[in-house]
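Here the structure is laid out as structure tokens; the discussion comes afterwards.
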Amino acid sequence: MGVIFGFQEVLEIVKNGVEELEEGATMVQREVHRESKKKYYKALFLIHQCLNSANFEKISLTNSAKVA
């Protein structure tokens, strides 16, 4: 999976997660956060695509790409 995450440029997001957006953030900070969230959901999508149904059930309720 690490190779897939690296190729798709989401490995850092899987390892570190996405930081919460601070209140009063600038437009640049909002855009960076939006791009990070897109990468995060892309990582979850890749994880879901690589699993069979039995293993998918085990991780379907997790809230983190790292935990999944």
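So you can find residues: chains in the structure tokens are A, B, ... in the order shown, residues in each start at 1, and ligands are numbered from 1 in order.
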* To do: Do a neighbour search on Gly2 in chain A at 12 Å with only C-alpha atoms, toss out local chain neighbours closer than 2 positions, and write the hits as an NGL selection string.
  => :A and (4-15 or 43 or 46-47 or 66)
Residue selection dump (C-alpha atoms) as a PDB file, in the first residue's frame:
ATOM      1  CA  ILE A   4       0.361   3.126  -4.067  1.00  0.00           C
ATOM      2  CA  PHE A   5       0.128   5.937  -1.512  1.00  0.00           C
ATOM      3  CA  GLY A   6       3.506   7.287  -2.591  1.00  0.00           C
ATOM      4  CA  PHE A   7       2.583   7.200  -6.263  1.00  0.00           C
ATOM      5  CA  GLN A   8      -0.713   8.953  -5.590  1.00  0.00           C
ATOM      6  CA  GLU A   9       1.067  11.507  -3.358  1.00  0.00           C
ATOM      7  CA  VAL A  10      -1.026  10.762  -0.266  1.00  0.00           C
ATOM      8  CA  LEU A  11       1.519   8.907   1.901  1.00  0.00           C
ATOM      9  CA  GLU A  12       2.230  11.934   4.112  1.00  0.00           C
ATOM     10  CA  ILE A  13      -1.486  12.474   4.677  1.00  0.00           C
ATOM     11  CA  VAL A  14      -1.957   8.826   5.709  1.00  0.00           C
ATOM     12  CA  LYS A  15       0.941   9.017   8.155  1.00  0.00           C
ATOM     13  CA  ALA A  43      -6.237   7.712   0.460  1.00  0.00           C
ATOM     14  CA  LEU A  46      -7.577   3.670  -2.364  1.00  0.00           C
ATOM     15  CA  ILE A  47      -7.754   1.628   0.825  1.00  0.00           C
ATOM     16  CA  LYS A  66      -3.972   5.579   9.211  1.00  0.00           C
TER      17      LYS A  66
END
* Asked: If you count only C-alpha atoms, which residues fall within 12 Å of Asn63 in chain A, apart from same-chain ones fewer than 4 positions away, as number ranges by chain?
  -> A: 14, 17-18, 40-41, 44, 59, 67-68
* **All residues 12 Å or closer to His48 in chain A, only C-alpha atoms, same chain fewer than 4 positions away omitted, as JSON, numbers by chain** => {"A": [1, 41, 42, 43, 44, 52, 53, 54, 55, 56, 57, 58, 59, 60, 61, 62, 65, 68]}
How would the residues just picked look written out with C-alpha atoms as an mmCIF file, in the first residue's frame?
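Output file part.cif is given in full below:
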data_model
loop_
_atom_site.group_PDB
_atom_site.id
_atom_site.type_symbol
_atom_site.label_atom_id
_atom_site.label_comp_id
_atom_site.auth_asym_id
_atom_site.auth_seq_id
_atom_site.Cartn_x
_atom_site.Cartn_y
_atom_site.Cartn_z
ATOM 1 C CA MET A 1 0.000 0.000 0.000
ATOM 2 C CA TYR A 41 -10.301 11.074 1.049
ATOM 3 C CA LYS A 42 -8.299 9.846 -1.931
ATOM 4 C CA ALA A 43 -6.237 7.712 0.460
ATOM 5 C CA LEU A 44 -9.394 6.261 2.034
ATOM 6 C CA ASN A 52 -12.228 -7.628 -0.256
ATOM 7 C CA SER A 53 -15.658 -7.456 1.356
ATOM 8 C CA ALA A 54 -14.645 -9.279 4.550
ATOM 9 C CA ASN A 55 -11.803 -6.878 5.293
ATOM 10 C CA PHE A 56 -13.806 -3.873 4.171
ATOM 11 C CA GLU A 57 -16.344 -4.567 6.900
ATOM 12 C CA LYS A 58 -13.534 -4.457 9.489
ATOM 13 C CA ILE A 59 -12.425 -0.944 8.529
ATOM 14 C CA SER A 60 -15.614 0.634 7.219
ATOM 15 C CA LEU A 61 -16.346 2.439 10.488
ATOM 16 C CA THR A 62 -12.843 3.830 11.095
ATOM 17 C CA ALA A 65 -6.888 6.495 6.929
ATOM 18 C CA ALA A 68 -7.730 1.721 8.285
#
* Structure fact -> What separates CA of Leu21 in chain A and CA of Cys50 in chain A is a distance of 29.8 Å
* Asked: Can you tell me how far CA of Ser64 in chain A sits from CA of Phe45 in chain A, in Å to one decimal?
  -> 11.8 Å
* Asked: Residues of chain A in helix (DSSP H, G or I) according to DSSP, as a ChimeraX atom specification?
  -> /A:2-7,11-16,27-49,53-59
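Pairwise distance (CA of Leu51 in chain A, CA of Lys37 in chain A) equals 21.7 Å.
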